[in-house]
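**Student:** Pasting in a structure now, in structure tokens, and then I'll have a few things to ask.
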Amino acid sequence: VTPRPTACGVITLLTDFGASDPFVGVMKGVILCHFPEARVVDLCHGIQPGEITEAAFWLERCYAWFPPGSVHVTVVDPGVGSERRIVGGAIAGHFFLAPDNGCFGPGLLEASGAEFRSVELDQLALPAPSATFHGRDVFAPLAARLASGALRFVELGPRAEPLPSLLGAPVLSGERLRGEVVTVDRFGNLITNLDASAWRSRAVSQVSVGPHCVPLRRTYTDAAPGELMALINSFGVLEIAEARGSAERSLGSGRGTPVELTLSAAPHARG
Amino acid sequence: VTPRPTACGVITLLTDFGASDPFVGVMKGVILCHFPEARVVDLCHGIQPGEITEAAFWLERCYAWFPPGSVHVTVVDPGVGSERRIVGGAIAGHFFLAPDNGCFGPGLLEASGAEFRSVELDQLALPAPSATFHGRDVFAPLAARLASGALRFVELGPRAEPLPSLLGAPVLSGERLRGEVVTVDRFGNLITNLDASAWRSRAVSQVSVGPHCVPLRRTYTDAAPGELMALINSFGVLEIAEARGSAERSLGSGRGTPVELTLSAAPHARG
Amino acid sequence: VTPRPTACGVITLLTDFGASDPFVGVMKGVILCHFPEARVVDLCHGIQPGEITEAAFWLERCYAWFPPGSVHVTVVDPGVGSERRIVGGAIAGHFFLAPDNGCFGPGLLEASGAEFRSVELDQLALPAPSATFHGRDVFAPLAARLASGALRFVELGPRAEPLPSLLGAPVLSGERLRGEVVTVDRFGNLITNLDASAWRSRAVSQVSVGPHCVPLRRTYTDAAPGELMALINSFGVLEIAEARGSAERSLGSGRGTPVELTLSAAPHARG
């Protein structure tokens, strides 16, 4: 049995609230009311409005870079005010809080020892929440109380299975491995759901992005300025980039664009 | 008499400095020089340049979500370098610092026990400020010293009346209650100055936004994707939203667009 | 000999990562893993992608507003993954970490007692870094360890000379002082590399921005709305601004636009 994590006082926030409104600031105010010593980190607020898959991708790729015992709060919540549940997770030494809307990716759902609980709002002594801002009224106080140790994980509610991930897995069909662009970063890099582990033992003979073929490189500096390339990025997935430029702009691609690898039949020779 | 607040070490920042320049970061540096243990929260830096009413709206709607004794700094200051005053406030258990330019809304100006003081820069042992960045040279050090307890509120200067609020109140005329859009959030929701308390005892028979009529709903999920609605948002005011879309885009509306409620003559029947 | 700074626990981050991706958040996670008490300040993440000169400008104009002993991390790093070095600096009571790509401006390179060291990655017990995200894999852990005192500055590696600054100095030719716009802020103000000290003893008879002439003022409020002006801004350099407007938009100017001062032959008479 994996022991449950011990709270370390760190809370991360992952939302689609953007950078221009006071919603994130107000959440932090509520957190400080419940837990004055909280250390709150903005993981990302630039998720496109309502894009659960984008949040799911970054959540499972980023959480492990934080101290064990962190509380990771995801609020990409187009269903706020409806009957959708809220779930808590204790996974790989970290805590999670999110609407139950598919934002736990396969890397979290299938982690060894992962435990999920359905949040029982009636039992948690919260003031009546507003209909439209559970980030402030539910997630912030619960995260603060989990992070401070005032609320134990098992007190969130009964065990539950979250909804399946909205983050699609790549599909292997013969020598074709097909995935898609899940997010585009500030540099115009197209980041896919193609985890390098999916073809670790086979060589890649071709990478195609929509109708375009791009060569596989190791770093952004392995191509001349303006050249397109694919590489395994620092989060372990295939990324399409343009050296000193924007692949998004040059290719006219974005979220949802199909990306396909052609694998050689034989294992990739090493070293 | 309302007792004056006791500083709790939290400072919030509300500015029109945006997210791309180092101005906010430098203010935090100065705060840390004066008060190394300060806990600084970005309330919002996305106020449109010089839009005092937008700042006034968010300030009075957000401050109470922070711990009592917080210092709330507002720097939307098109008059920086001119002779405009700076005022401090002690209101409802919180401290405030702002240029005296109308950024205190009616909810703050009229709060029971509200006390305002005109900041006497000459008496406060500040280095000579620059002509263009009082956020760094005046507001940051004063906020830090207030928040740390090194400076007492009464030491800011003599009692004073701030300028009237630039945030207009809705106008009731017979059965029409007329207000306007004061800010638009990241989701394209149009947020008005129509506080729900203004018609609490009467039913709403119609909501119009410019020439458009929209139905009144409870949450974003009470309409089909693409449908427009009005609702009372989590800050207590009327908001025009589009389910899974942007009301701003669909209606071509923005700050200043008139929004009008038609109220029924009789009090609203309550369940 | 200038004594080396003592770490104060503050870390600032200056990057071109923007506000919409989780890269900055992940760096903070790594910092907290190594140094739970770190106080991390976002100096600025809005540097245009790969624009080293913009970062160099803000770094040397901003660092001194932070507490002595701060660790200032700059990650504008188009050469990540190549053989470019990483350098540490101990300058004027502060620490610095950056890729060796010209991002130390003349104000830092030439500071009295400035000491630079070439970071020896092999000697610093770091896990093997990814090829594309040294902000997370190298800069964050080293900054945390420097800021906590766990790593001493001299342990970074041997003394070294950084590459020359990419930030150009203004050119004085007779009575003409010629510089350029190095960054444009959120308000559309055009900020130049023309430090006021360069003409301190001489009067300015004309300021030209590309083909336009603008008058020299003291503050933004010394001109009527819509009027263009030049002023010495709060960072000590010449700035072209429009009162209550955007000089960038009105002039169609941006980074790289030449700005020229015509100086009078005689010293400026002082009051």
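Residue numbering restarts at 1 for every chain of the structure tokens, chains are lettered A, B, ... in their displayed order, and ligands are numbered from 1 as they appear.
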What residues in chain A lie within 6 Å of chain C, counting only C-alpha atoms, written as a PDB file with all heavy atoms, in the first residue's frame?
**Tutor:**
```pdb
ATOM      1  N   ASP A  42       1.389  29.686  -8.938  1.00  0.00           N
ATOM      2  CA  ASP A  42       0.589  29.649 -10.157  1.00  0.00           C
ATOM      3  C   ASP A  42       1.222  28.642 -11.108  1.00  0.00           C
ATOM      4  O   ASP A  42       2.275  28.924 -11.687  1.00  0.00           O
ATOM      5  CB  ASP A  42       0.572  31.031 -10.809  1.00  0.00           C
ATOM      6  CG  ASP A  42      -0.054  32.066  -9.903  1.00  0.00           C
ATOM      7  OD1 ASP A  42      -1.218  31.883  -9.520  1.00  0.00           O
ATOM      8  OD2 ASP A  42       0.623  33.052  -9.552  1.00  0.00           O
ATOM      9  N   LEU A  43       0.591  27.493 -11.246  1.00  0.00           N
ATOM     10  CA  LEU A  43       1.137  26.542 -12.221  1.00  0.00           C
ATOM     11  C   LEU A  43       0.881  27.084 -13.620  1.00  0.00           C
ATOM     12  O   LEU A  43       1.786  27.201 -14.440  1.00  0.00           O
ATOM     13  CB  LEU A  43       0.500  25.157 -12.052  1.00  0.00           C
ATOM     14  CG  LEU A  43       0.939  24.120 -13.071  1.00  0.00           C
ATOM     15  CD1 LEU A  43       2.447  24.073 -13.221  1.00  0.00           C
ATOM     16  CD2 LEU A  43       0.400  22.759 -12.703  1.00  0.00           C
ATOM     17  N   CYS A  44      -0.351  27.488 -13.887  1.00  0.00           N
ATOM     18  CA  CYS A  44      -0.691  28.018 -15.208  1.00  0.00           C
ATOM     19  C   CYS A  44      -2.130  28.497 -15.162  1.00  0.00           C
ATOM     20  O   CYS A  44      -3.004  27.788 -14.655  1.00  0.00           O
ATOM     21  CB  CYS A  44      -0.520  26.905 -16.249  1.00  0.00           C
ATOM     22  SG  CYS A  44      -1.043  27.337 -17.912  1.00  0.00           S
ATOM     23  N   GLY A  46      -3.285  29.984 -18.170  1.00  0.00           N
ATOM     24  CA  GLY A  46      -3.502  30.266 -19.583  1.00  0.00           C
ATOM     25  C   GLY A  46      -4.176  29.143 -20.345  1.00  0.00           C
ATOM     26  O   GLY A  46      -4.177  29.164 -21.581  1.00  0.00           O
ATOM     27  N   TRP A  65       7.121  17.880 -10.413  1.00  0.00           N
ATOM     28  CA  TRP A  65       8.218  18.836 -10.219  1.00  0.00           C
ATOM     29  C   TRP A  65       8.047  19.645  -8.938  1.00  0.00           C
ATOM     30  O   TRP A  65       8.904  20.476  -8.615  1.00  0.00           O
ATOM     31  CB  TRP A  65       8.340  19.772 -11.428  1.00  0.00           C
ATOM     32  CG  TRP A  65       8.737  19.032 -12.659  1.00  0.00           C
ATOM     33  CD1 TRP A  65       7.936  18.626 -13.672  1.00  0.00           C
ATOM     34  CD2 TRP A  65      10.048  18.552 -12.990  1.00  0.00           C
ATOM     35  NE1 TRP A  65       8.663  17.940 -14.625  1.00  0.00           N
ATOM     36  CE2 TRP A  65       9.953  17.884 -14.227  1.00  0.00           C
ATOM     37  CE3 TRP A  65      11.301  18.630 -12.362  1.00  0.00           C
ATOM     38  CZ2 TRP A  65      11.065  17.298 -14.843  1.00  0.00           C
ATOM     39  CZ3 TRP A  65      12.396  18.048 -12.976  1.00  0.00           C
ATOM     40  CH2 TRP A  65      12.265  17.390 -14.207  1.00  0.00           C
ATOM     41  N   PHE A  66       6.960  19.417  -8.226  1.00  0.00           N
ATOM     42  CA  PHE A  66       6.712  20.139  -6.964  1.00  0.00           C
ATOM     43  C   PHE A  66       7.046  19.232  -5.784  1.00  0.00           C
ATOM     44  O   PHE A  66       7.147  18.011  -5.934  1.00  0.00           O
ATOM     45  CB  PHE A  66       5.254  20.607  -6.928  1.00  0.00           C
ATOM     46  CG  PHE A  66       5.012  21.749  -7.869  1.00  0.00           C
ATOM     47  CD1 PHE A  66       4.772  21.523  -9.221  1.00  0.00           C
ATOM     48  CD2 PHE A  66       5.071  23.059  -7.422  1.00  0.00           C
ATOM     49  CE1 PHE A  66       4.599  22.578 -10.108  1.00  0.00           C
ATOM     50  CE2 PHE A  66       4.894  24.116  -8.294  1.00  0.00           C
ATOM     51  CZ  PHE A  66       4.653  23.870  -9.641  1.00  0.00           C
ATOM     52  N   PRO A  67       7.185  19.832  -4.602  1.00  0.00           N
ATOM     53  CA  PRO A  67       7.525  19.004  -3.444  1.00  0.00           C
ATOM     54  C   PRO A  67       6.426  17.990  -3.133  1.00  0.00           C
ATOM     55  O   PRO A  67       5.240  18.297  -3.284  1.00  0.00           O
ATOM     56  CB  PRO A  67       7.638  20.035  -2.299  1.00  0.00           C
ATOM     57  CG  PRO A  67       7.872  21.348  -2.958  1.00  0.00           C
ATOM     58  CD  PRO A  67       7.162  21.278  -4.275  1.00  0.00           C
ATOM     59  N   THR A 219      17.717  19.155 -30.194  1.00  0.00           N
ATOM     60  CA  THR A 219      17.467  20.448 -29.546  1.00  0.00           C
ATOM     61  C   THR A 219      17.071  21.485 -30.583  1.00  0.00           C
ATOM     62  O   THR A 219      17.262  21.286 -31.789  1.00  0.00           O
ATOM     63  CB  THR A 219      18.709  20.988 -28.782  1.00  0.00           C
ATOM     64  OG1 THR A 219      19.517  21.755 -29.686  1.00  0.00           O
ATOM     65  CG2 THR A 219      19.533  19.868 -28.179  1.00  0.00           C
ATOM     66  N   SER A 234      11.086  18.549 -23.056  1.00  0.00           N
ATOM     67  CA  SER A 234      11.504  18.316 -21.673  1.00  0.00           C
ATOM     68  C   SER A 234      10.400  17.715 -20.812  1.00  0.00           C
ATOM     69  O   SER A 234      10.631  17.390 -19.653  1.00  0.00           O
ATOM     70  CB  SER A 234      11.978  19.627 -21.063  1.00  0.00           C
ATOM     71  OG  SER A 234      10.920  20.575 -21.075  1.00  0.00           O
TER      72      SER A 234
END
```
**Student:** Can you list, as number ranges by chain, all residues belonging to range 101-175 of chain C that DSSP tags as strand (DSSP E)?
**Tutor:** C: 115-118, 171-173
**Student:** Check the DSSP output for the backbone and give back, as a list in words, the residues of range 66-201 of chain B in alpha helix (DSSP H).
**Tutor:** Pro106, Gly107, Leu108, Leu109, His134, Ala140, Pro141, Leu142, Ala143, Ala144, Arg145, Leu146, Ala147 and Ser148 of chain B
**Student:** Skip Glu260 in chain A itself and residues of its chain fewer than 4 positions away, then list as a PDB file with N, CA, C and O atoms, in the first residue's frame all residues within 7 Å of it, counting only C-alpha atoms.
**Tutor:**
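The file below, out.pdb, is the result:
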```pdb
ATOM      1  N   ARG A 176       2.340   2.774 -37.767  1.00  0.00           N
ATOM      2  CA  ARG A 176       1.929   4.172 -37.603  1.00  0.00           C
ATOM      3  C   ARG A 176       1.495   4.452 -36.163  1.00  0.00           C
ATOM      4  O   ARG A 176       0.653   3.742 -35.628  1.00  0.00           O
ATOM      5  N   LEU A 177       2.060   5.485 -35.572  1.00  0.00           N
ATOM      6  CA  LEU A 177       1.628   5.923 -34.248  1.00  0.00           C
ATOM      7  C   LEU A 177       1.019   7.311 -34.422  1.00  0.00           C
ATOM      8  O   LEU A 177       1.685   8.251 -34.852  1.00  0.00           O
ATOM      9  N   ARG A 178      -0.256   7.411 -34.112  1.00  0.00           N
ATOM     10  CA  ARG A 178      -0.968   8.651 -34.402  1.00  0.00           C
ATOM     11  C   ARG A 178      -1.438   9.349 -33.129  1.00  0.00           C
ATOM     12  O   ARG A 178      -2.123   8.754 -32.301  1.00  0.00           O
ATOM     13  N   GLY A 179      -1.059  10.576 -32.986  1.00  0.00           N
ATOM     14  CA  GLY A 179      -1.524  11.388 -31.865  1.00  0.00           C
ATOM     15  C   GLY A 179      -1.981  12.735 -32.377  1.00  0.00           C
ATOM     16  O   GLY A 179      -2.351  12.874 -33.543  1.00  0.00           O
ATOM     17  N   VAL A 207       8.171  11.822 -39.386  1.00  0.00           N
ATOM     18  CA  VAL A 207       7.224  12.542 -38.537  1.00  0.00           C
ATOM     19  C   VAL A 207       6.390  13.432 -39.448  1.00  0.00           C
ATOM     20  O   VAL A 207       6.947  14.226 -40.206  1.00  0.00           O
ATOM     21  N   SER A 208       5.076  13.268 -39.400  1.00  0.00           N
ATOM     22  CA  SER A 208       4.249  14.175 -40.201  1.00  0.00           C
ATOM     23  C   SER A 208       3.241  14.917 -39.337  1.00  0.00           C
ATOM     24  O   SER A 208       2.663  14.376 -38.403  1.00  0.00           O
ATOM     25  N   VAL A 209       3.084  16.189 -39.679  1.00  0.00           N
ATOM     26  CA  VAL A 209       2.170  17.097 -38.981  1.00  0.00           C
ATOM     27  C   VAL A 209       1.170  17.535 -40.032  1.00  0.00           C
ATOM     28  O   VAL A 209       1.520  18.296 -40.930  1.00  0.00           O
TER      29      VAL A 209
END
```
**Student:** Which distance in Å separates CA of Pro215 in chain A and CA of Thr262 in chain A, to one decimal?
**Tutor:**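 About the pair CA of Pro215 in chain A and CA of Thr262 in chain A: they are 11.9 Å apart.
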**Student:** Quick one: residues within 7 Å of Leu156 in chain C, only C-alpha atoms, excluding same-chain residues fewer than 4 positions away - as a ChimeraX atom specification?
**Tutor:** /C:117-120
**Student:** For a quick check of understanding, using only C-alpha atoms, which of B:Cys62, B:Val138, B:Leu109, B:Ala143 has the smallest distance to Asp122 in chain B?
**Tutor:**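 Looking at the shortest contact to Asp122 in chain B, the residue is B:Val138.
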**Student:** Please determine, counting only C-alpha atoms, which residue among B:Cys213, B:Ala243, B:Val181, B:Leu263 has the shortest atom-to-atom distance to Ala198 in chain B.
**Tutor:**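 Distance minimum relative to Ala198 in chain B lands on B:Leu263.
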**Student:** Can you tell me, as a list in words, what residues are no more than 10 Å from Ser197 in chain C when counting only C-alpha atoms, ignoring any on the same chain fewer than 4 positions away?
**Tutor:** Ser201, Gly236 and Val237 of chain C
**Student:** Please report the interatomic distance between CA of Ile11 in chain A and CA of Val73 in chain A in Å with one decimal.
**Tutor:**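 So the two atoms, CA of Ile11 in chain A and CA of Val73 in chain A, lie 7.2 Å apart.
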**Student:** Residues at most 7 Å from Glu242 in chain B, counting only C-alpha atoms, excluding those fewer than 3 positions away in the same chain, as a short mmCIF file (atom, residue, chain, number, x, y, z; two decimals) with C-alpha atoms, in the first residue's frame?
**Tutor:**
```cif
data_model
loop_
_atom_site.label_atom_id
_atom_site.label_comp_id
_atom_site.auth_asym_id
_atom_site.auth_seq_id
_atom_site.Cartn_x
_atom_site.Cartn_y
_atom_site.Cartn_z
CA GLY B 226 -24.26 29.49 -27.52
CA GLU B 227 -27.26 30.91 -25.69
CA LEU B 228 -27.03 34.29 -24.02
CA MET B 229 -28.20 34.83 -20.47
CA GLY B 245 -19.03 31.27 -25.48
CA SER B 246 -18.24 34.97 -25.29
CA ALA B 247 -21.06 37.46 -24.80
#
```
**Student:** Please measure the separation of CA of Pro258 in chain C and CA of Arg217 in chain C, giving the value in Å to one decimal.
**Tutor:**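 So the answer is 19.4 Å.
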**Student:** Using only C-alpha atoms, determine which residues lie at most 6 Å from range 86-103 of chain A, disregarding the query and same-chain residues fewer than 3 positions distant; provide the list as a PDB file with N, CA and C atoms, in the first residue's frame.
**Tutor:**
```
ATOM      1  N   PRO A   5       0.156  10.857   1.175  1.00  0.00           N
ATOM      2  CA  PRO A   5       1.120  11.950   1.334  1.00  0.00           C
ATOM      3  C   PRO A   5       0.868  12.760   2.613  1.00  0.00           C
ATOM      4  N   ILE A  52     -10.486  21.291 -21.145  1.00  0.00           N
ATOM      5  CA  ILE A  52     -10.120  20.336 -20.103  1.00  0.00           C
ATOM      6  C   ILE A  52      -8.919  19.487 -20.511  1.00  0.00           C
ATOM      7  N   ALA A  56      -5.575  18.770 -18.422  1.00  0.00           N
ATOM      8  CA  ALA A  56      -5.224  17.391 -18.072  1.00  0.00           C
ATOM      9  C   ALA A  56      -3.795  17.074 -18.477  1.00  0.00           C
ATOM     10  N   PRO A  68       6.809  16.801  -2.701  1.00  0.00           N
ATOM     11  CA  PRO A  68       5.812  15.824  -2.255  1.00  0.00           C
ATOM     12  C   PRO A  68       4.937  16.450  -1.171  1.00  0.00           C
ATOM     13  N   GLY A  69       3.660  16.137  -1.210  1.00  0.00           N
ATOM     14  CA  GLY A  69       2.745  16.711  -0.244  1.00  0.00           C
ATOM     15  C   GLY A  69       2.122  18.020  -0.716  1.00  0.00           C
ATOM     16  N   SER A  70       2.438  18.445  -1.950  1.00  0.00           N
ATOM     17  CA  SER A  70       1.770  19.624  -2.522  1.00  0.00           C
ATOM     18  C   SER A  70       0.307  19.301  -2.816  1.00  0.00           C
ATOM     19  N   VAL A  71      -0.518  20.334  -2.805  1.00  0.00           N
ATOM     20  CA  VAL A  71      -1.934  20.201  -3.174  1.00  0.00           C
ATOM     21  C   VAL A  71      -2.113  20.889  -4.526  1.00  0.00           C
ATOM     22  N   HIS A  72      -2.488  20.115  -5.535  1.00  0.00           N
ATOM     23  CA  HIS A  72      -2.610  20.645  -6.890  1.00  0.00           C
ATOM     24  C   HIS A  72      -4.086  20.861  -7.215  1.00  0.00           C
ATOM     25  N   VAL A  73      -4.453  22.119  -7.403  1.00  0.00           N
ATOM     26  CA  VAL A  73      -5.846  22.485  -7.635  1.00  0.00           C
ATOM     27  C   VAL A  73      -6.035  22.804  -9.114  1.00  0.00           C
ATOM     28  N   THR A  74      -6.968  22.135  -9.750  1.00  0.00           N
ATOM     29  CA  THR A  74      -7.297  22.411 -11.141  1.00  0.00           C
ATOM     30  C   THR A  74      -8.710  22.972 -11.202  1.00  0.00           C
ATOM     31  N   ALA A 114      -3.069   5.064  -6.563  1.00  0.00           N
ATOM     32  CA  ALA A 114      -3.898   6.276  -6.663  1.00  0.00           C
ATOM     33  C   ALA A 114      -5.222   6.061  -5.934  1.00  0.00           C
ATOM     34  N   GLU A 115      -5.603   7.053  -5.135  1.00  0.00           N
ATOM     35  CA  GLU A 115      -6.853   6.970  -4.375  1.00  0.00           C
ATOM     36  C   GLU A 115      -7.656   8.231  -4.648  1.00  0.00           C
ATOM     37  N   PHE A 116      -8.909   8.051  -4.999  1.00  0.00           N
ATOM     38  CA  PHE A 116      -9.770   9.204  -5.290  1.00  0.00           C
ATOM     39  C   PHE A 116     -10.951   9.229  -4.323  1.00  0.00           C
ATOM     40  N   ARG A 117     -11.381  10.432  -4.002  1.00  0.00           N
ATOM     41  CA  ARG A 117     -12.528  10.601  -3.117  1.00  0.00           C
ATOM     42  C   ARG A 117     -13.474  11.641  -3.706  1.00  0.00           C
ATOM     43  N   SER A 118     -14.753  11.393  -3.555  1.00  0.00           N
ATOM     44  CA  SER A 118     -15.778  12.321  -4.012  1.00  0.00           C
ATOM     45  C   SER A 118     -16.032  13.328  -2.896  1.00  0.00           C
ATOM     46  N   VAL A 119     -15.872  14.600  -3.207  1.00  0.00           N
ATOM     47  CA  VAL A 119     -15.974  15.622  -2.161  1.00  0.00           C
ATOM     48  C   VAL A 119     -17.434  15.796  -1.743  1.00  0.00           C
ATOM     49  N   PRO A 162     -13.055   8.631 -10.582  1.00  0.00           N
ATOM     50  CA  PRO A 162     -13.304   9.812 -11.419  1.00  0.00           C
ATOM     51  C   PRO A 162     -13.762   9.407 -12.820  1.00  0.00           C
ATOM     52  N   LEU A 163     -14.311  10.357 -13.542  1.00  0.00           N
ATOM     53  CA  LEU A 163     -14.657  10.114 -14.940  1.00  0.00           C
ATOM     54  C   LEU A 163     -13.391   9.813 -15.737  1.00  0.00           C
ATOM     55  N   PRO A 164     -13.541   9.082 -16.835  1.00  0.00           N
ATOM     56  CA  PRO A 164     -12.366   8.789 -17.671  1.00  0.00           C
ATOM     57  C   PRO A 164     -11.709  10.067 -18.180  1.00  0.00           C
ATOM     58  N   SER A 165     -10.431   9.964 -18.483  1.00  0.00           N
ATOM     59  CA  SER A 165      -9.682  11.117 -18.971  1.00  0.00           C
ATOM     60  C   SER A 165     -10.199  11.590 -20.324  1.00  0.00           C
ATOM     61  N   LEU A 166     -10.270  12.899 -20.481  1.00  0.00           N
ATOM     62  CA  LEU A 166     -10.573  13.448 -21.811  1.00  0.00           C
ATOM     63  C   LEU A 166      -9.328  13.536 -22.682  1.00  0.00           C
TER      64      LEU A 166
END
```
